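Next up, entry.tsv (TSV, C-alpha atoms and all ligand atoms):
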```
chain	number	residue	atom	x	y	z
A	1	MET	CA	9.93	28.60	-44.69
A	2	ASN	CA	7.88	26.85	-47.31
A	3	LYS	CA	8.83	23.18	-46.85
A	4	LYS	CA	8.33	22.31	-50.50
A	5	SER	CA	10.75	24.81	-51.98
A	6	LEU	CA	14.14	23.71	-53.32
A	7	VAL	CA	16.56	26.41	-52.25
A	8	SER	CA	19.73	24.39	-51.68
A	9	ILE	CA	20.75	20.85	-52.54
A	10	ALA	CA	21.19	20.49	-48.76
A	11	ASP	CA	17.36	20.44	-48.65
A	12	TYR	CA	17.63	16.91	-50.08
A	13	SER	CA	18.79	13.91	-48.04
A	14	LYS	CA	20.67	11.02	-49.62
A	15	GLU	CA	17.35	9.16	-49.83
A	16	ASP	CA	15.71	12.14	-51.55
A	17	ILE	CA	18.50	12.28	-54.14
A	18	LEU	CA	18.21	8.55	-54.87
A	19	ARG	CA	14.43	8.83	-55.06
A	20	LEU	CA	14.68	11.73	-57.53
A	21	ILE	CA	17.11	9.77	-59.68
A	22	GLY	CA	14.46	7.04	-59.87
A	23	ILE	CA	11.85	9.59	-60.95
A	24	ALA	CA	14.22	11.13	-63.54
A	25	GLU	CA	14.73	7.64	-64.99
A	26	LYS	CA	10.97	7.29	-65.41
A	27	PHE	CA	10.81	10.63	-67.22
A	28	GLU	CA	13.71	9.69	-69.45
A	29	LYS	CA	11.76	6.60	-70.55
A	30	ASN	CA	8.59	8.65	-71.09
A	31	PRO	CA	8.94	12.46	-70.83
A	32	ASN	CA	5.47	13.31	-72.12
A	33	ARG	CA	3.02	12.97	-69.24
A	34	ARG	CA	0.25	15.44	-68.55
A	35	LEU	CA	0.88	15.73	-64.83
A	36	LEU	CA	0.84	19.57	-64.75
A	37	GLU	CA	-2.47	20.06	-66.55
A	38	GLY	CA	-4.08	23.26	-65.23
A	39	LYS	CA	-0.89	24.43	-63.50
A	40	VAL	CA	0.99	27.65	-64.29
A	41	CYS	CA	4.75	27.80	-63.68
A	42	ALA	CA	6.66	31.09	-63.60
A	43	THR	CA	10.29	31.34	-64.70
A	44	LEU	CA	11.82	34.53	-63.30
A	45	PHE	CA	15.36	34.98	-64.60
A	46	PHE	CA	17.13	38.04	-63.23
A	47	GLU	CA	20.39	36.65	-64.72
A	48	PRO	CA	21.05	35.24	-68.20
A	49	SER	CA	20.51	31.55	-68.90
A	50	THR	CA	20.20	29.18	-71.83
A	51	ARG	CA	20.03	25.63	-70.45
A	52	THR	CA	18.40	26.11	-67.07
A	53	ARG	CA	15.49	28.21	-68.27
A	54	LEU	CA	14.90	26.31	-71.50
A	55	SER	CA	15.16	22.88	-69.88
A	56	PHE	CA	12.78	23.91	-67.09
A	57	GLU	CA	10.37	25.26	-69.70
A	58	THR	CA	10.72	22.08	-71.77
A	59	ALA	CA	10.06	20.06	-68.61
A	60	VAL	CA	6.87	22.03	-67.90
A	61	ASN	CA	5.71	21.81	-71.53
A	62	ARG	CA	6.27	18.05	-71.64
A	63	LEU	CA	4.24	17.78	-68.43
A	64	GLY	CA	1.33	19.70	-69.93
A	65	GLY	CA	1.72	22.82	-67.77
A	66	ARG	CA	1.80	26.48	-68.84
A	67	ILE	CA	4.68	28.94	-68.54
A	68	ILE	CA	4.76	32.63	-67.68
A	69	GLY	CA	7.81	34.69	-66.83
A	70	PHE	CA	10.75	36.68	-68.11
A	71	SER	CA	14.32	36.09	-69.22
A	72	ASP	CA	15.36	39.73	-69.03
A	73	ALA	CA	14.51	41.60	-65.84
A	74	SER	CA	15.16	44.96	-67.54
A	75	THR	CA	11.76	44.57	-69.23
A	76	THR	CA	9.97	44.17	-65.87
A	77	SER	CA	8.95	46.55	-63.12
A	78	SER	CA	12.05	45.62	-61.12
A	79	SER	CA	13.76	48.14	-63.44
A	80	LYS	CA	11.39	50.77	-61.97
A	81	GLY	CA	12.50	49.85	-58.46
A	82	GLU	CA	9.99	47.15	-57.51
A	83	THR	CA	11.47	45.02	-54.76
A	84	LEU	CA	12.06	41.29	-55.00
A	85	LYS	CA	9.53	40.78	-52.22
A	86	ASP	CA	6.80	42.59	-54.15
A	87	THR	CA	7.68	40.80	-57.39
A	88	ILE	CA	7.45	37.41	-55.67
A	89	MET	CA	4.16	38.30	-53.94
A	90	MET	CA	2.67	39.45	-57.27
A	91	VAL	CA	3.79	36.38	-59.22
A	92	SER	CA	2.41	34.22	-56.39
A	93	ASN	CA	-1.03	35.58	-57.37
A	94	TYR	CA	-0.60	34.07	-60.82
A	95	ALA	CA	1.52	30.92	-60.61
A	96	ASP	CA	1.55	27.54	-58.81
A	97	LEU	CA	5.35	27.33	-58.90
A	98	ILE	CA	8.16	29.89	-59.19
A	99	ILE	CA	11.50	28.97	-60.74
A	100	MET	CA	13.91	31.82	-60.09
A	101	ARG	CA	17.50	32.75	-60.94
A	102	HIS	CA	18.92	35.80	-59.21
A	103	TYR	CA	22.34	37.44	-58.99
A	104	LEU	CA	22.17	37.82	-55.19
A	105	GLU	CA	23.23	34.98	-52.91
A	106	GLY	CA	20.34	34.04	-50.67
A	107	ALA	CA	17.68	35.49	-53.00
A	108	ALA	CA	15.88	32.14	-53.44
A	109	CYS	CA	15.84	31.53	-49.69
A	110	TYR	CA	14.43	35.02	-49.15
A	111	ALA	CA	11.79	34.48	-51.85
A	112	SER	CA	10.73	31.21	-50.20
A	113	GLU	CA	10.14	33.12	-46.96
A	114	VAL	CA	7.72	35.64	-48.47
A	115	THR	CA	5.40	33.23	-50.29
A	116	ASN	CA	3.65	29.91	-49.88
A	117	VAL	CA	4.15	29.14	-53.55
A	118	PRO	CA	7.07	26.69	-53.95
A	119	ILE	CA	10.31	28.27	-55.13
A	120	ILE	CA	12.94	26.39	-57.11
A	121	ASN	CA	16.33	28.04	-56.97
A	122	ALA	CA	17.71	28.15	-60.52
A	123	GLY	CA	20.97	29.73	-59.26
A	124	ASP	CA	21.59	32.47	-56.70
A	125	GLY	CA	24.83	34.36	-57.27
A	126	ALA	CA	27.89	32.28	-56.41
A	127	ASN	CA	25.95	30.30	-53.83
A	128	GLN	CA	23.89	27.31	-55.03
A	129	HIS	CA	22.38	25.74	-58.16
A	130	PRO	CA	20.52	22.70	-56.83
A	131	SER	CA	18.67	21.63	-59.98
A	132	GLN	CA	22.01	21.62	-61.83
A	133	THR	CA	23.33	19.35	-59.10
A	134	MET	CA	20.44	16.92	-59.54
A	135	LEU	CA	21.17	16.66	-63.25
A	136	ASP	CA	24.91	16.36	-62.56
A	137	ILE	CA	24.32	13.55	-60.08
A	138	TYR	CA	21.92	11.87	-62.47
A	139	SER	CA	24.60	12.12	-65.17
A	140	ILE	CA	27.23	10.67	-62.84
A	141	PHE	CA	24.92	7.80	-61.93
A	142	LYS	CA	24.10	7.06	-65.57
A	143	THR	CA	27.73	7.07	-66.69
A	144	GLN	CA	29.34	5.32	-63.72
A	145	GLY	CA	26.53	2.97	-62.71
A	146	ARG	CA	27.02	4.07	-59.10
A	147	LEU	CA	27.52	7.16	-56.96
A	148	GLU	CA	29.65	5.74	-54.15
A	149	ASN	CA	33.45	5.98	-53.90
A	150	LEU	CA	34.18	8.06	-56.99
A	151	GLU	CA	37.21	10.30	-57.60
A	152	ILE	CA	35.80	13.63	-58.76
A	153	THR	CA	38.08	16.35	-60.09
A	154	MET	CA	36.70	19.88	-60.20
A	155	VAL	CA	38.62	22.31	-62.38
A	156	GLY	CA	38.57	26.08	-62.85
A	157	ASP	CA	36.61	28.67	-60.95
A	158	LEU	CA	35.98	26.92	-57.65
A	159	LYS	CA	35.52	30.22	-55.80
A	160	TYR	CA	32.55	31.63	-57.67
A	161	GLY	CA	31.22	28.48	-59.34
A	162	ARG	CA	27.86	27.75	-57.71
A	163	THR	CA	27.54	24.44	-59.55
A	164	VAL	CA	30.72	23.26	-57.85
A	165	HIS	CA	29.50	24.37	-54.43
A	166	SER	CA	26.20	22.52	-54.88
A	167	LEU	CA	27.87	19.40	-56.30
A	168	ILE	CA	30.23	19.09	-53.33
A	169	THR	CA	27.21	19.22	-51.03
A	170	GLY	CA	25.14	16.78	-53.10
A	171	MET	CA	27.91	14.20	-53.61
A	172	SER	CA	28.95	14.36	-49.95
A	173	HIS	CA	26.48	11.53	-49.19
A	174	PHE	CA	28.40	9.10	-51.39
A	175	ASN	CA	31.95	8.99	-49.97
A	176	PRO	CA	33.74	10.75	-52.83
A	177	VAL	CA	37.38	11.82	-53.06
A	178	PHE	CA	37.52	15.37	-54.38
A	179	HIS	CA	40.42	16.86	-56.34
A	180	PHE	CA	40.17	20.65	-56.50
A	181	VAL	CA	42.20	22.21	-59.34
A	182	ALA	CA	42.16	26.02	-59.27
A	183	PRO	CA	44.52	28.98	-59.40
A	184	GLU	CA	45.25	30.69	-56.06
A	185	GLU	CA	42.75	33.45	-56.90
A	186	LEU	CA	39.88	31.00	-57.49
A	187	LYS	CA	40.50	28.37	-54.82
A	188	ILE	CA	37.61	26.53	-53.24
A	189	PRO	CA	36.28	28.61	-50.30
A	190	ASP	CA	37.12	27.46	-46.76
A	191	LEU	CA	33.40	26.94	-46.15
A	192	TYR	CA	33.42	23.90	-48.46
A	193	LYS	CA	36.74	22.57	-47.17
A	194	ASN	CA	35.42	22.80	-43.60
A	195	PHE	CA	32.25	21.02	-44.77
A	196	CYS	CA	34.34	18.17	-46.23
A	197	ASP	CA	36.47	18.00	-43.06
A	198	LYS	CA	33.36	17.74	-40.92
A	199	LYS	CA	31.94	14.94	-43.07
A	200	GLY	CA	35.28	13.08	-43.23
A	201	ILE	CA	35.53	13.52	-47.01
A	202	LYS	CA	39.02	13.40	-48.49
A	203	TYR	CA	40.05	16.25	-50.75
A	204	TYR	CA	43.26	17.46	-52.37
A	205	GLU	CA	44.06	20.89	-53.80
A	206	TYR	CA	46.25	21.64	-56.81
A	207	THR	CA	47.19	24.58	-58.95
A	208	ASP	CA	48.45	22.30	-61.79
A	209	PHE	CA	45.98	20.38	-63.95
A	210	SER	CA	48.39	17.47	-64.32
A	211	ASP	CA	48.24	14.05	-66.02
A	212	GLU	CA	48.41	12.52	-62.57
A	213	VAL	CA	45.13	14.05	-61.46
A	214	ILE	CA	43.45	13.45	-64.84
A	215	ASN	CA	44.44	9.78	-64.83
A	216	ARG	CA	43.03	9.19	-61.31
A	217	SER	CA	39.65	10.71	-62.08
A	218	ASP	CA	36.30	9.00	-62.67
A	219	ILE	CA	34.70	12.37	-63.33
A	220	ILE	CA	36.33	15.61	-64.46
A	221	TYR	CA	34.00	18.54	-63.84
A	222	MET	CA	35.29	21.48	-65.88
A	223	THR	CA	33.99	24.98	-65.12
A	224	ARG	CA	34.06	28.40	-66.72
A	225	VAL	CA	35.77	31.33	-64.99
A	226	GLN	CA	32.77	33.43	-63.95
A	227	ARG	CA	33.55	36.83	-65.43
A	228	GLU	CA	30.30	38.32	-64.08
A	229	ARG	CA	31.39	37.74	-60.46
A	230	PHE	CA	34.66	39.74	-60.70
A	231	THR	CA	34.70	43.32	-59.47
A	232	ASP	CA	38.13	43.88	-61.10
A	233	LEU	CA	38.18	42.75	-64.75
A	234	MET	CA	42.01	42.88	-64.77
A	235	GLU	CA	41.88	40.02	-62.28
A	236	TYR	CA	39.58	38.11	-64.63
A	237	GLU	CA	41.97	38.67	-67.55
A	238	LYS	CA	44.78	37.09	-65.53
A	239	VAL	CA	42.95	33.82	-64.90
A	240	LYS	CA	40.39	33.48	-67.70
A	241	ASN	CA	42.30	30.83	-69.71
A	242	VAL	CA	44.12	29.20	-66.85
A	243	TYR	CA	43.12	25.61	-67.70
A	244	ILE	CA	42.19	24.28	-71.12
A	245	LEU	CA	41.37	20.57	-71.44
A	246	ARG	CA	42.59	19.19	-74.77
A	247	ASN	CA	41.99	15.75	-76.25
A	248	ASN	CA	45.66	14.69	-76.06
A	249	MET	CA	45.55	15.19	-72.28
A	250	LEU	CA	43.10	12.25	-71.99
A	251	SER	CA	45.33	9.55	-73.47
A	252	GLY	CA	46.13	7.94	-70.09
A	253	SER	CA	42.72	8.46	-68.51
A	254	LYS	CA	40.52	5.68	-67.12
A	255	ASP	CA	38.05	4.00	-69.48
A	256	ASN	CA	35.13	5.04	-67.29
A	257	LEU	CA	36.20	8.70	-67.11
A	258	ARG	CA	33.51	11.12	-68.19
A	259	ILE	CA	33.99	14.84	-68.68
A	260	LEU	CA	31.21	17.02	-67.36
A	261	HIS	CA	30.70	20.76	-67.61
A	262	PRO	CA	27.60	22.67	-66.48
A	263	LEU	CA	28.08	24.91	-69.55
A	264	PRO	CA	28.32	27.45	-71.05
A	265	ARG	CA	31.95	26.81	-71.92
A	266	VAL	CA	34.18	29.65	-72.96
A	267	ASN	CA	37.70	28.26	-73.67
A	268	GLU	CA	38.18	25.63	-71.00
A	269	ILE	CA	37.36	22.57	-73.14
A	270	ALA	CA	38.94	22.53	-76.60
A	271	TYR	CA	36.61	21.52	-79.41
A	272	ASP	CA	38.76	18.45	-80.18
A	273	VAL	CA	37.48	16.90	-76.91
A	274	ASP	CA	33.91	16.88	-78.23
A	275	CYS	CA	34.53	13.81	-80.41
A	276	ASN	CA	36.05	11.82	-77.55
A	277	PRO	CA	33.52	9.28	-76.18
A	278	LYS	CA	34.49	10.45	-72.68
A	279	ALA	CA	32.97	13.90	-73.37
A	280	TYR	CA	29.55	13.90	-71.75
A	281	TYR	CA	28.57	17.58	-71.38
A	282	ILE	CA	26.00	17.69	-74.18
A	283	GLU	CA	24.15	14.61	-72.88
A	284	GLN	CA	24.52	16.06	-69.39
A	285	ALA	CA	22.51	19.12	-70.44
A	286	ARG	CA	19.86	16.82	-71.97
A	287	ASN	CA	19.54	15.03	-68.64
A	288	GLY	CA	18.50	18.40	-67.23
A	289	VAL	CA	15.00	18.01	-68.66
A	290	PHE	CA	14.38	14.71	-66.85
A	291	ALA	CA	15.98	15.80	-63.58
A	292	ARG	CA	13.92	19.01	-63.63
A	293	GLN	CA	10.70	17.16	-64.40
A	294	ALA	CA	11.45	15.08	-61.29
A	295	ILE	CA	12.12	18.18	-59.15
A	296	ILE	CA	8.99	19.99	-60.35
A	297	CYS	CA	6.77	17.00	-59.50
A	298	ASP	CA	8.51	16.61	-56.15
A	299	VAL	CA	8.00	20.20	-54.99
A	300	LEU	CA	4.38	20.12	-56.17
A	301	GLY	CA	3.73	16.80	-54.43
A	302	ILE	CA	2.75	15.05	-57.67
A	303	GLU	CA	3.18	11.28	-57.68
A	304	VAL	CA	4.98	9.87	-60.73
A	305	LYS	CA	4.06	6.26	-61.54
A	401	LIG	N1	24.40	25.35	-66.47
A	401	LIG	C1	23.68	26.49	-66.50
A	401	LIG	O1	23.22	26.98	-65.45
A	401	LIG	O2	23.56	27.01	-67.74
A	401	LIG	P1	22.75	28.35	-68.10
A	401	LIG	O3	23.46	29.48	-67.40
A	401	LIG	O4	22.77	28.45	-69.57
A	401	LIG	O5	21.36	28.19	-67.54
```

Hey, can you dump this file as structure tokens for me?
Ligand code: CP
Amino acid sequence: MNKKSLVSIADYSKEDILRLIGIAEKFEKNPNRRLLEGKVCATLFFEPSTRTRLSFETAVNRLGGRIIGFSDASTTSSSKGETLKDTIMMVSNYADLIIMRHYLEGAACYASEVTNVPIINAGDGANQHPSQTMLDIYSIFKTQGRLENLEITMVGDLKYGRTVHSLITGMSHFNPVFHFVAPEELKIPDLYKNFCDKKGIKYYEYTDFSDEVINRSDIIYMTRVQRERFTDLMEYEKVKNVYILRNNMLSGSKDNLRILHPLPRVNEIAYDVDCNPKAYYIEQARNGVFARQAIICDVLGIEVK
């Protein structure tokens, strides 16, 4: 495997994560640095995206690099039957870095095995979304002033939500307590519970999104029910509005609580929460530019001073 690719947040040690936070801080102070001059970066999005693609492209533009790619695979030769392997090998002829989102779990890992060009996984099915995790952890660090010993409540689609799966893995270095709030149909997979057990991380599961869990939390990580992952849309209809966070539910919450959401939201955070100073999801998305600048430089081996 290409050692420089970022396929899973598990590719990063605790030290790597802390180092990348330091680099993201530098980019936040000064995002415009021409460190990618002469480099071409490809964004291959086989699934829809707003934030991930545009923040990666902003990151590359602010670093002085050039972008090629697509946001709609139906306009590419994959619609004629070209395989992922061939697509990756072709783009490797043109680009110094490939940033790829794909609907199949394991697609980024596979891509990294067929090329020597670094691959950044921008989301592979319900599996992983490591650059989102870096920006989530950066956001947690900025708002809490630390990463250790936090109570993190994850709410919604914990079965299919790749951002949740990555965040559990990424935060596992920092002794968190996890609260998993999900309906029976969308419970956190055993894989992640076994992972927490193995690492000695405490977690609790709930089907109610109660005041008790809200008031214990340092971070509430809301998620959208992932309609695109359901094979039976009747099942989606049953759970799509299962939890809605409203402003009046935050009256007893801790002062340091911050509400995160990878976005897009559908109905799970009411608009009256947006004016609450504890709502952080818009700034969180902004942090994506700096975290992704840090990741891009890291995989390309570019020193940031
Ligand atoms: N958070 C996230 O991955 O958003 P997009 O799907 O808009 O990229």

Extending 6 Å beyond the listed atoms of region 178-185 of chain A on each side, what axis-aligned box results? I want centre and edge lengths in Å to one decimal, as AutoDock Vina command-line options.
```
--center_x 41.4 --center_y 24.4 --center_z -56.9 --size_x 19.7 --size_y 30.1 --size_z 17.0
```

Legend entry - Protein and nucleic acid residues within 8 Å of ligand LIG 401 (chain A) (all atoms listed in the file) as an MDAnalysis selection string: chainID A and resid 48:54 122:123 129 132 163 261:264 285

Legend entry - Atomic separation - CA of Ser55 (chain A) relative to CA of Asp218 (chain A), Å: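 Spanning CA of Asp218 (chain A) to CA of Ser55 (chain A) is a straight-line distance of 26.3 Å.
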
Closest atom pairs, region 5-52 of chain A residues within 9 Å of region 111-116 of chain A, all atoms listed in the file, as JSON lines:
```
{"residue": "A:Ser5", "atom": "CA", "partner": "A:Ser112", "partner_atom": "CA", "distance": 6.6}
{"residue": "A:Leu6", "atom": "CA", "partner": "A:Ser112", "partner_atom": "CA", "distance": 8.8}
{"residue": "A:Val7", "atom": "CA", "partner": "A:Ser112", "partner_atom": "CA", "distance": 7.8}
```

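Of note, CA of Met249 (chain A) and CA of Lys278 (chain A) are spaced 12.0 Å apart.
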
Legend entry - Gap from CA of Arg66 (chain A) to CA of Ala107 (chain A) - Å, one decimal: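 Distance reported for this atom pair: 24.2 Å.
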
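Nearest to Arg34 (chain A) of all the residues A:Asp232, A:Ile302, A:Leu245, A:Ile269 is A:Ile302, counting all atoms listed in the file.
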
Inset, instruction - For the point (8.8, 14.9, -70.7) in the file's frame, write as a VMD selection string all residues with an atom no more than 9 Å away, counting all atoms listed in the file. - result: chain A and resid 27 to 34 58 to 64 289 to 290 293

Legend entry - Contacts of Asp211 (chain A) within 10 Å, only C-alpha atoms, excl. fewer than 4 positions in-chain, as a list in words: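 Contacts, in chain order: Asn215, Arg216, Met249, Leu250, Ser251, Gly252 and Ser253 of chain A.
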
Inset, instruction - Rank A:Tyr110, A:Tyr221, A:Phe56, A:Phe230 by their smallest atom-to-atom distance to Ile140 (chain A), using all atoms listed in the file, and report the top residue only. - result: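 Nearest candidate to Ile140 (chain A) out of A:Tyr110, A:Tyr221, A:Phe56, A:Phe230: A:Tyr221.
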
Inset, instruction - Using all atoms listed in the file, pick whichever of A:Lys80, A:His173, A:His102, A:His179 has the shortest atom-to-atom distance to Gly125 (chain A). - result: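 Using all atoms listed in the file, Gly125 (chain A) sits closest to A:His102.
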
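If you measure from each of A:Met134, A:Leu233, A:Met222, A:Ile244 to Lys14 (chain A) using only C-alpha atoms, the closest one turns out to be A:Met134.
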
Legend entry - Selected residue of minimal separation from Gly69 (chain A) among A:Lys198, A:Lys85, A:Lys193, A:Arg101, counting only C-alpha atoms: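 Among the listed residues, A:Arg101 lies closest to Gly69 (chain A).
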
Inset, instruction - Measuring atom to atom with only C-alpha atoms, identify which of A:Ile9, A:Leu257, A:Val299, A:Leu44 is nearest to Val164 (chain A). - result: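 Smallest distance to Val164 (chain A) is found for A:Ile9.
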
Legend entry - Residues near Ile220 (chain A), cut-off 8 Å, all atoms listed in the file, skip fewer than 3 positions along chain, as a VMD selection string: chain A and resid 152 to 155 214 217 257 to 260

Legend entry - Local residues around (35.8, 32.4, -52.8), at most 8 Å away, using all atoms listed in the file, as a list of chain:residue names: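 Selection result: A:Leu158, A:Lys159, A:Tyr160, A:Leu186, A:Lys187, A:Ile188, A:Pro189, A:Asp190.
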
Write a file for region 202-219 of chain A, containing N, CA and C atoms (output as a compact mmCIF listing (two decimals), in the first residue's frame).
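Contents of decode-v4.txt, freshly written:
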```txt
# COMPACT_ATOMS: atom_id res chain seq x y z
N LYS A 202 -15.25 3.74 27.82
CA LYS A 202 -16.62 3.61 28.32
C LYS A 202 -17.62 4.12 27.28
N TYR A 203 -18.71 3.38 27.12
CA TYR A 203 -19.78 3.88 26.26
C TYR A 203 -21.13 3.42 26.80
N TYR A 204 -22.15 4.19 26.50
CA TYR A 204 -23.52 3.89 26.93
C TYR A 204 -24.41 4.02 25.72
N GLU A 205 -25.43 3.18 25.65
CA GLU A 205 -26.37 3.24 24.52
C GLU A 205 -27.76 3.61 25.01
N TYR A 206 -28.46 4.41 24.21
CA TYR A 206 -29.80 4.88 24.55
C TYR A 206 -30.66 4.89 23.28
N THR A 207 -31.96 4.76 23.51
CA THR A 207 -32.87 5.04 22.40
C THR A 207 -33.55 6.41 22.61
N ASP A 208 -33.56 6.91 23.87
CA ASP A 208 -34.12 8.23 24.15
C ASP A 208 -33.03 9.30 24.11
N PHE A 209 -33.33 10.41 23.50
CA PHE A 209 -32.42 11.57 23.51
C PHE A 209 -32.91 12.46 24.66
N SER A 210 -32.47 12.13 25.87
CA SER A 210 -33.06 12.72 27.08
C SER A 210 -32.27 13.93 27.56
N ASP A 211 -32.90 14.72 28.45
CA ASP A 211 -32.20 15.84 29.10
C ASP A 211 -30.97 15.34 29.84
N GLU A 212 -31.08 14.16 30.42
CA GLU A 212 -29.97 13.63 31.22
C GLU A 212 -28.71 13.50 30.36
N VAL A 213 -28.88 12.92 29.19
CA VAL A 213 -27.69 12.74 28.33
C VAL A 213 -27.22 14.09 27.76
N ILE A 214 -28.15 14.95 27.40
CA ILE A 214 -27.77 16.28 26.88
C ILE A 214 -26.96 17.03 27.94
N ASN A 215 -27.43 16.99 29.19
CA ASN A 215 -26.81 17.81 30.24
C ASN A 215 -25.46 17.28 30.70
N ARG A 216 -25.14 16.04 30.36
CA ARG A 216 -23.81 15.48 30.69
C ARG A 216 -22.77 15.80 29.62
N SER A 217 -23.21 16.20 28.45
CA SER A 217 -22.34 16.20 27.27
C SER A 217 -21.45 17.43 27.19
N ASP A 218 -20.21 17.21 26.74
CA ASP A 218 -19.33 18.32 26.33
C ASP A 218 -19.52 18.59 24.84
N ILE A 219 -19.76 17.52 24.11
CA ILE A 219 -19.99 17.62 22.66
C ILE A 219 -21.25 16.80 22.34
```
